[in-house]
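Coordinates from my_file_39.tsv are shown below (TSV, C-alpha atoms).
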```tsv
chain	number	residue	atom	x	y	z
A	1	LYS	CA	91.27	135.44	129.04
A	2	GLY	CA	94.91	134.38	128.98
A	3	LYS	CA	95.52	134.48	132.71
A	4	PRO	CA	96.28	131.52	134.98
A	5	PHE	CA	93.40	129.78	136.70
A	6	GLU	CA	93.95	130.61	140.37
A	7	LYS	CA	92.38	129.92	143.77
A	8	ASP	CA	90.04	132.95	143.50
A	9	ASP	CA	88.83	131.62	140.15
A	10	VAL	CA	88.08	128.21	141.69
A	11	ILE	CA	86.01	129.87	144.43
A	12	PHE	CA	84.14	132.07	141.91
A	13	PHE	CA	83.33	129.22	139.52
A	14	SER	CA	82.52	126.76	142.32
A	15	LYS	CA	79.84	129.11	143.65
A	16	GLY	CA	78.41	129.47	140.16
A	17	LEU	CA	78.55	125.71	139.63
A	18	LEU	CA	76.67	124.97	142.85
A	19	GLU	CA	74.02	127.60	142.11
A	20	LEU	CA	73.63	126.47	138.50
A	21	SER	CA	73.40	122.85	139.62
A	22	ASP	CA	70.57	123.81	141.97
A	23	PHE	CA	68.76	125.53	139.10
A	24	PHE	CA	69.10	122.39	137.00
A	25	THR	CA	68.04	119.91	139.67
A	26	GLU	CA	65.76	121.52	142.25
A	27	ASP	CA	62.00	121.73	141.92
A	28	ARG	CA	61.66	124.94	139.95
A	29	MET	CA	57.89	125.12	139.68
A	30	GLY	CA	57.10	128.80	139.54
A	31	THR	CA	60.80	129.70	139.45
A	32	LYS	CA	62.10	131.10	136.21
A	33	LEU	CA	65.47	129.65	135.25
A	34	PRO	CA	67.90	132.53	134.83
A	35	ASN	CA	69.48	133.06	131.43
A	36	TYR	CA	72.60	131.25	132.58
A	37	PHE	CA	74.43	131.75	129.30
A	38	THR	CA	74.51	135.52	129.84
A	39	THR	CA	75.69	135.45	133.46
A	40	GLY	CA	79.48	135.19	133.82
A	41	ARG	CA	79.69	132.74	136.71
A	42	PHE	CA	76.99	130.48	135.23
A	43	ARG	CA	78.34	130.61	131.69
A	44	SER	CA	81.85	129.76	132.85
A	45	SER	CA	80.56	127.03	135.14
A	46	TYR	CA	78.60	125.54	132.27
A	47	PHE	CA	81.68	125.37	130.04
A	48	LEU	CA	84.01	124.19	132.81
A	49	TYR	CA	81.74	121.42	134.07
A	50	PHE	CA	78.39	120.79	132.42
A	51	PHE	CA	79.54	121.03	128.79
A	52	GLY	CA	81.98	118.13	129.07
A	53	LEU	CA	79.67	116.09	131.26
A	54	GLN	CA	76.71	116.52	128.91
A	55	GLY	CA	78.89	115.86	125.87
A	56	ALA	CA	80.03	112.56	127.42
A	57	LYS	CA	76.39	111.61	128.10
A	58	PHE	CA	75.50	112.22	124.46
A	59	LEU	CA	78.47	110.18	123.24
A	60	THR	CA	77.22	107.31	125.39
A	61	LEU	CA	73.72	107.62	123.92
A	62	PHE	CA	75.01	107.68	120.34
A	63	ASP	CA	77.08	104.58	121.05
A	64	ARG	CA	74.17	102.85	122.77
A	65	TYR	CA	71.64	103.49	119.98
A	66	PRO	CA	73.56	102.91	116.75
A	67	LYS	CA	70.41	102.31	114.69
A	68	ALA	CA	69.36	105.97	115.11
A	69	ILE	CA	72.78	107.10	113.92
A	70	GLU	CA	72.72	104.60	111.06
A	71	ALA	CA	69.30	105.87	109.95
A	72	ALA	CA	70.60	109.46	109.97
A	73	LEU	CA	73.67	108.42	107.97
A	74	ASP	CA	71.50	106.51	105.48
A	75	HIS	CA	69.39	109.65	105.02
A	76	ALA	CA	72.55	111.69	104.50
A	77	ALA	CA	73.82	109.21	101.91
A	78	GLU	CA	70.56	109.61	99.97
A	79	THR	CA	70.44	113.41	100.15
A	80	GLY	CA	74.16	114.22	100.12
A	81	THR	CA	73.89	116.17	103.38
A	82	LEU	CA	73.72	115.12	107.01
A	83	ARG	CA	71.35	117.72	108.48
A	84	ILE	CA	71.31	117.80	112.25
A	85	VAL	CA	68.84	120.07	114.00
A	86	ASP	CA	69.83	120.77	117.61
A	87	VAL	CA	66.77	122.22	119.34
A	88	GLY	CA	67.58	124.27	122.44
A	89	SER	CA	71.20	123.87	121.42
A	90	GLY	CA	72.96	126.26	123.76
A	91	PRO	CA	76.55	126.04	122.51
A	92	GLY	CA	75.67	122.95	120.46
A	93	THR	CA	76.56	120.44	123.16
A	94	ALA	CA	74.56	117.52	121.69
A	95	SER	CA	75.46	118.13	118.04
A	96	LEU	CA	79.13	118.75	118.86
A	97	ALA	CA	79.21	115.40	120.64
A	98	LEU	CA	77.67	113.84	117.53
A	99	LEU	CA	80.24	115.55	115.33
A	100	VAL	CA	83.08	114.14	117.46
A	101	PHE	CA	81.38	110.72	117.39
A	102	LEU	CA	81.20	110.77	113.58
A	103	LEU	CA	84.69	112.15	113.03
A	104	GLU	CA	86.18	109.56	115.38
A	105	GLY	CA	84.43	106.87	113.34
A	106	LEU	CA	85.97	108.19	110.11
A	107	ARG	CA	89.49	108.59	111.46
A	108	ASP	CA	91.97	106.41	109.59
A	109	SER	CA	94.54	104.90	111.94
A	110	ARG	CA	97.23	105.09	109.22
A	111	GLY	CA	96.96	108.88	109.10
A	112	LYS	CA	95.63	108.90	105.54
A	113	LYS	CA	93.36	111.80	104.63
A	114	GLN	CA	89.67	110.93	104.72
A	115	ARG	CA	86.92	112.77	102.91
A	116	LEU	CA	83.47	113.07	104.48
A	117	PRO	CA	81.00	111.07	102.39
A	118	PHE	CA	78.52	113.99	102.59
A	119	ALA	CA	78.29	117.55	103.81
A	120	ILE	CA	77.32	118.10	107.44
A	121	GLU	CA	74.94	120.93	108.36
A	122	LEU	CA	74.29	121.74	111.98
A	123	LEU	CA	71.21	123.89	112.59
A	124	TRP	CA	71.14	125.27	116.10
A	125	ILE	CA	68.01	126.76	117.59
A	126	ASP	CA	68.28	128.60	120.87
A	127	HIS	CA	67.17	131.95	122.27
A	128	ASN	CA	70.79	132.99	122.95
A	129	LEU	CA	72.80	133.85	119.81
A	130	THR	CA	75.99	134.60	121.76
A	131	ILE	CA	76.25	131.10	123.21
A	132	MET	CA	75.64	129.58	119.78
A	133	LYS	CA	78.51	131.67	118.39
A	134	ASP	CA	80.73	130.32	121.16
A	135	GLY	CA	79.72	126.83	120.04
A	136	GLU	CA	80.55	127.72	116.44
A	137	ARG	CA	84.09	128.54	117.59
A	138	LEU	CA	84.20	125.14	119.28
A	139	VAL	CA	83.39	123.51	115.92
A	140	ALA	CA	86.55	125.09	114.51
A	141	ASP	CA	88.53	123.84	117.53
A	142	ILE	CA	87.14	120.33	117.12
A	143	LEU	CA	88.02	120.26	113.43
A	144	GLN	CA	91.62	121.12	114.38
A	145	LEU	CA	91.69	117.82	116.28
A	146	PHE	CA	90.86	115.95	113.06
A	147	PRO	CA	93.29	117.34	110.46
A	148	ASP	CA	93.10	114.07	108.53
A	149	ILE	CA	89.40	114.54	107.73
A	150	GLU	CA	88.24	116.88	104.96
A	151	GLY	CA	84.76	117.97	103.98
A	152	ASP	CA	82.08	120.59	104.29
A	153	ILE	CA	80.81	121.22	107.80
A	154	SER	CA	78.64	124.25	108.45
A	155	VAL	CA	76.72	125.76	111.34
A	156	LYS	CA	73.51	127.71	110.96
A	157	MET	CA	72.00	129.48	113.93
A	158	GLU	CA	68.48	130.67	114.61
A	159	ALA	CA	67.93	132.73	117.73
A	160	ARG	CA	64.37	132.04	118.86
A	161	SER	CA	62.39	130.00	121.30
A	162	TRP	CA	62.92	126.31	120.63
A	163	TRP	CA	59.31	125.30	121.27
A	164	LYS	CA	58.16	127.41	118.32
A	165	HIS	CA	60.43	125.55	115.91
A	166	PRO	CA	58.24	122.69	114.62
A	167	LYS	CA	55.83	125.02	112.85
A	168	ASP	CA	58.77	126.85	111.24
A	169	PHE	CA	60.60	123.74	110.10
A	170	LYS	CA	61.68	124.43	106.52
A	171	PHE	CA	63.81	121.48	105.44
A	172	GLU	CA	64.10	117.78	105.90
A	173	SER	CA	66.58	116.77	108.57
A	174	SER	CA	68.54	113.59	109.09
A	175	LEU	CA	68.30	113.79	112.86
A	176	VAL	CA	66.69	116.15	115.38
A	177	LEU	CA	68.30	116.43	118.80
A	178	PHE	CA	66.38	117.63	121.86
A	179	GLY	CA	69.33	117.47	124.22
A	180	ASN	CA	68.55	119.52	127.28
A	181	VAL	CA	65.22	121.22	126.67
A	182	LEU	CA	62.61	119.06	128.30
A	183	ASN	CA	63.56	120.07	131.83
A	184	GLU	CA	63.31	123.78	130.97
```

Output the structure of this file as structure tokens.
Amino acid sequence: KGKPFEKDDVIFFSKGLLELSDFFTEDRMGTKLPNYFTTGRFRSSYFLYFFGLQGAKFLTLFDRYPKAIEAALDHAAETGTLRIVDVGSGPGTASLALLVFLLEGLRDSRGKKQRLPFAIELLWIDHNLTIMKDGERLVADILQLFPDIEGDISVKMEARSWWKHPKDFKFESSLVLFGNVLNE
């Protein structure tokens, strides 16, 4: 919020980080995970720590399994649109990592403008619309880091339970990401 990050902030966010980490890692049988994207200390802790960490994990996976990415890109070349469904997206952590991965791959080292070979559609499905809107703002921030790349990139959001999605699937996707839902 435009103020310096001070010692009191470190204490506040550290407590939230430790508590959120426990929620993510402890045996939660019978314990309902709090809606951490609507609680200030958890939300901030997620963005300050888990977002970057999870994004790095996804970048590693995309690099490690290039055939999955190649198949998605082949599908996009055929249809004209790379459609990425991010199920249980939160702020789009998995699909934002993929977007960075793809944009880095297109970057021309000579600084020449590059055009995306197809449109990119990100469909995010999560029960929290507010956190998806935060992620949408991050898309704009990421695109600022790649001023040499032009093309159509859009985000669509559906606020609903992710596990109900398969029966409501309305279009063919290039890739479906289930980033952090299986432990919930």

Using only C-alpha atoms, determine which residues lie at most 12 Å from Ala72 of chain A, disregarding the query and same-chain residues fewer than 2 positions distant; provide the list as an mmCIF file with C-alpha atoms, in the coordinates of the input.
```
data_model
loop_
_atom_site.group_PDB
_atom_site.id
_atom_site.type_symbol
_atom_site.label_atom_id
_atom_site.label_comp_id
_atom_site.auth_asym_id
_atom_site.auth_seq_id
_atom_site.Cartn_x
_atom_site.Cartn_y
_atom_site.Cartn_z
ATOM 1 C CA PHE A 62 75.010 107.680 120.340
ATOM 2 C CA TYR A 65 71.640 103.490 119.980
ATOM 3 C CA PRO A 66 73.560 102.910 116.750
ATOM 4 C CA LYS A 67 70.410 102.310 114.690
ATOM 5 C CA ALA A 68 69.360 105.970 115.110
ATOM 6 C CA ILE A 69 72.780 107.100 113.920
ATOM 7 C CA GLU A 70 72.720 104.600 111.060
ATOM 8 C CA ASP A 74 71.500 106.510 105.480
ATOM 9 C CA HIS A 75 69.390 109.650 105.020
ATOM 10 C CA ALA A 76 72.550 111.690 104.500
ATOM 11 C CA ALA A 77 73.820 109.210 101.910
ATOM 12 C CA GLU A 78 70.560 109.610 99.970
ATOM 13 C CA THR A 79 70.440 113.410 100.150
ATOM 14 C CA GLY A 80 74.160 114.220 100.120
ATOM 15 C CA THR A 81 73.890 116.170 103.380
ATOM 16 C CA LEU A 82 73.720 115.120 107.010
ATOM 17 C CA ARG A 83 71.350 117.720 108.480
ATOM 18 C CA ILE A 84 71.310 117.800 112.250
ATOM 19 C CA VAL A 85 68.840 120.070 114.000
ATOM 20 C CA LEU A 98 77.670 113.840 117.530
ATOM 21 C CA LEU A 102 81.200 110.770 113.580
ATOM 22 C CA PHE A 118 78.520 113.990 102.590
ATOM 23 C CA ILE A 120 77.320 118.100 107.440
ATOM 24 C CA GLU A 172 64.100 117.780 105.900
ATOM 25 C CA SER A 173 66.580 116.770 108.570
ATOM 26 C CA SER A 174 68.540 113.590 109.090
ATOM 27 C CA LEU A 175 68.300 113.790 112.860
ATOM 28 C CA VAL A 176 66.690 116.150 115.380
ATOM 29 C CA LEU A 177 68.300 116.430 118.800
#
```

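Using all atoms listed in the file for every distance, the candidate list A:Leu116, A:Ile153, A:Leu143, A:Ala159 yields A:Ala159 as the residue closest to Val87 of chain A.
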
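Relative to atom CA of Glu19 of chain A, atom CA of Phe37 of chain A is found at 13.5 Å.
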
Counting all atoms listed in the file, which residues in segment 100-160 of chain A sit no more than 12 Å from segment 40-53 of chain A? For each one, give the nearest pair of atoms and the distance in Å, sorted by chain then residue number, as a Markdown table.
```
| residue | atom | partner | partner_atom | distance |
| --- | --- | --- | --- | --- |
| A:Asn128 | CA | A:Arg43 | CA | 11.8 |
| A:Thr130 | CA | A:Arg43 | CA | 11.0 |
| A:Ile131 | CA | A:Arg43 | CA | 8.7 |
| A:Asp134 | CA | A:Phe47 | CA | 10.2 |
| A:Gly135 | CA | A:Phe47 | CA | 10.3 |
| A:Leu138 | CA | A:Phe47 | CA | 11.1 |
```

When distances are computed from all atoms listed in the file, which of A:Lys57, A:His127, A:Lys133, A:Lys112 shows the smallest separation from Ala97 of chain A?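 Using all atoms listed in the file, Ala97 of chain A sits closest to A:Lys57.
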
What separates atom CA of Val100 of chain A and atom CA of Gln114 of chain A is a distance of 14.7 Å

Using only C-alpha atoms, determine which residues lie at most 7 Å from Met132 of chain A, disregarding the query and same-chain residues fewer than 5 positions distant; provide the list as a ChimeraX atom specification. /A:90-92,157

Proximity to Gly105 of chain A - best of A:Ile149, A:Leu20, A:Glu121, A:Ser161, only C-alpha atoms: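 Among the listed residues, A:Ile149 lies closest to Gly105 of chain A.
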
Could you work out an axis-aligned box for segment 67-84 of chain A, taking every atom the file lists and adding 8 Å on each side, and report centre and edge lengths in Å to one decimal, as JSON?
```
{"center_x": 71.7, "center_y": 110.1, "center_z": 107.5, "size_x": 20.9, "size_y": 31.5, "size_z": 31.1}
```

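Using only C-alpha atoms, the nearest neighbour of Thr38 of chain A within the list A:Leu129, A:Glu6, A:Asp148, A:Arg107 is A:Leu129.
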
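For the pair atom CA of Val139 of chain A and atom CA of Phe5 of chain A, the interatomic distance is 23.9 Å.
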
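Considering all atoms listed in the file, the residue among A:Gly16, A:Pro4, A:Gly179, A:Pro147 positioned nearest to Ile125 of chain A is A:Gly179.
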
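Among the candidate residues A:Leu122, A:Arg137, A:Asp8, A:Thr60, the one lying nearest to Leu99 of chain A is A:Leu122, with distances computed using only C-alpha atoms.
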
Atoms added to segment 89-114 of chain A (N, CA and C atoms), reported as a PDB file, in the coordinates of the input:
```pdb
ATOM      1  N   SER A  89      69.810 124.298 121.563  1.00  0.00           N
ATOM      2  CA  SER A  89      71.200 123.870 121.420  1.00  0.00           C
ATOM      3  C   SER A  89      72.173 124.422 122.440  1.00  0.00           C
ATOM      4  N   GLY A  90      71.907 125.620 122.969  1.00  0.00           N
ATOM      5  CA  GLY A  90      72.960 126.260 123.760  1.00  0.00           C
ATOM      6  C   GLY A  90      74.177 126.384 122.868  1.00  0.00           C
ATOM      7  N   PRO A  91      75.356 125.963 123.347  1.00  0.00           N
ATOM      8  CA  PRO A  91      76.550 126.040 122.510  1.00  0.00           C
ATOM      9  C   PRO A  91      76.697 124.847 121.560  1.00  0.00           C
ATOM     10  N   GLY A  92      75.623 124.085 121.369  1.00  0.00           N
ATOM     11  CA  GLY A  92      75.670 122.950 120.460  1.00  0.00           C
ATOM     12  C   GLY A  92      76.182 121.680 121.117  1.00  0.00           C
ATOM     13  N   THR A  93      75.992 121.550 122.402  1.00  0.00           N
ATOM     14  CA  THR A  93      76.560 120.440 123.160  1.00  0.00           C
ATOM     15  C   THR A  93      76.230 119.085 122.531  1.00  0.00           C
ATOM     16  N   ALA A  94      74.957 118.826 122.226  1.00  0.00           N
ATOM     17  CA  ALA A  94      74.560 117.520 121.690  1.00  0.00           C
ATOM     18  C   ALA A  94      75.118 117.306 120.279  1.00  0.00           C
ATOM     19  N   SER A  95      74.996 118.308 119.419  1.00  0.00           N
ATOM     20  CA  SER A  95      75.460 118.130 118.040  1.00  0.00           C
ATOM     21  C   SER A  95      76.982 118.121 117.941  1.00  0.00           C
ATOM     22  N   LEU A  96      77.673 118.825 118.844  1.00  0.00           N
ATOM     23  CA  LEU A  96      79.130 118.750 118.860  1.00  0.00           C
ATOM     24  C   LEU A  96      79.595 117.367 119.294  1.00  0.00           C
ATOM     25  N   ALA A  97      78.891 116.772 120.248  1.00  0.00           N
ATOM     26  CA  ALA A  97      79.210 115.400 120.640  1.00  0.00           C
ATOM     27  C   ALA A  97      78.992 114.455 119.458  1.00  0.00           C
ATOM     28  N   LEU A  98      77.918 114.667 118.707  1.00  0.00           N
ATOM     29  CA  LEU A  98      77.670 113.840 117.530  1.00  0.00           C
ATOM     30  C   LEU A  98      78.760 114.047 116.482  1.00  0.00           C
ATOM     31  N   LEU A  99      79.178 115.272 116.287  1.00  0.00           N
ATOM     32  CA  LEU A  99      80.240 115.550 115.330  1.00  0.00           C
ATOM     33  C   LEU A  99      81.517 114.807 115.719  1.00  0.00           C
ATOM     34  N   VAL A 100      81.892 114.867 116.983  1.00  0.00           N
ATOM     35  CA  VAL A 100      83.080 114.140 117.460  1.00  0.00           C
ATOM     36  C   VAL A 100      82.887 112.635 117.247  1.00  0.00           C
ATOM     37  N   PHE A 101      81.702 112.134 117.565  1.00  0.00           N
ATOM     38  CA  PHE A 101      81.380 110.720 117.390  1.00  0.00           C
ATOM     39  C   PHE A 101      81.593 110.295 115.927  1.00  0.00           C
ATOM     40  N   LEU A 102      81.088 111.092 115.006  1.00  0.00           N
ATOM     41  CA  LEU A 102      81.200 110.770 113.580  1.00  0.00           C
ATOM     42  C   LEU A 102      82.636 110.894 113.083  1.00  0.00           C
ATOM     43  N   LEU A 103      83.314 111.949 113.484  1.00  0.00           N
ATOM     44  CA  LEU A 103      84.690 112.150 113.030  1.00  0.00           C
ATOM     45  C   LEU A 103      85.612 111.067 113.586  1.00  0.00           C
ATOM     46  N   GLU A 104      85.398 110.665 114.816  1.00  0.00           N
ATOM     47  CA  GLU A 104      86.180 109.560 115.380  1.00  0.00           C
ATOM     48  C   GLU A 104      85.967 108.283 114.564  1.00  0.00           C
ATOM     49  N   GLY A 105      84.729 108.062 114.131  1.00  0.00           N
ATOM     50  CA  GLY A 105      84.430 106.870 113.340  1.00  0.00           C
ATOM     51  C   GLY A 105      85.069 106.889 111.964  1.00  0.00           C
ATOM     52  N   LEU A 106      85.350 108.075 111.433  1.00  0.00           N
ATOM     53  CA  LEU A 106      85.970 108.190 110.110  1.00  0.00           C
ATOM     54  C   LEU A 106      87.490 108.200 110.156  1.00  0.00           C
ATOM     55  N   ARG A 107      88.035 108.448 111.330  1.00  0.00           N
ATOM     56  CA  ARG A 107      89.490 108.590 111.460  1.00  0.00           C
ATOM     57  C   ARG A 107      90.191 107.322 110.985  1.00  0.00           C
ATOM     58  N   ASP A 108      91.185 107.512 110.113  1.00  0.00           N
ATOM     59  CA  ASP A 108      91.970 106.410 109.590  1.00  0.00           C
ATOM     60  C   ASP A 108      93.217 106.266 110.459  1.00  0.00           C
ATOM     61  N   SER A 109      93.418 105.109 111.022  1.00  0.00           N
ATOM     62  CA  SER A 109      94.540 104.900 111.940  1.00  0.00           C
ATOM     63  C   SER A 109      95.894 105.035 111.255  1.00  0.00           C
ATOM     64  N   ARG A 110      95.952 104.953 109.931  1.00  0.00           N
ATOM     65  CA  ARG A 110      97.230 105.090 109.220  1.00  0.00           C
ATOM     66  C   ARG A 110      97.552 106.556 108.919  1.00  0.00           C
ATOM     67  N   GLY A 111      96.684 107.469 109.323  1.00  0.00           N
ATOM     68  CA  GLY A 111      96.960 108.880 109.100  1.00  0.00           C
ATOM     69  C   GLY A 111      96.643 109.361 107.694  1.00  0.00           C
ATOM     70  N   LYS A 112      96.004 108.514 106.897  1.00  0.00           N
ATOM     71  CA  LYS A 112      95.630 108.900 105.540  1.00  0.00           C
ATOM     72  C   LYS A 112      94.459 109.864 105.585  1.00  0.00           C
ATOM     73  N   LYS A 113      94.466 110.844 104.696  1.00  0.00           N
ATOM     74  CA  LYS A 113      93.360 111.800 104.630  1.00  0.00           C
ATOM     75  C   LYS A 113      92.065 111.076 104.293  1.00  0.00           C
ATOM     76  N   GLN A 114      90.999 111.472 104.979  1.00  0.00           N
ATOM     77  CA  GLN A 114      89.670 110.930 104.720  1.00  0.00           C
ATOM     78  C   GLN A 114      88.766 112.064 104.281  1.00  0.00           C
TER      79      GLN A 114
END
```
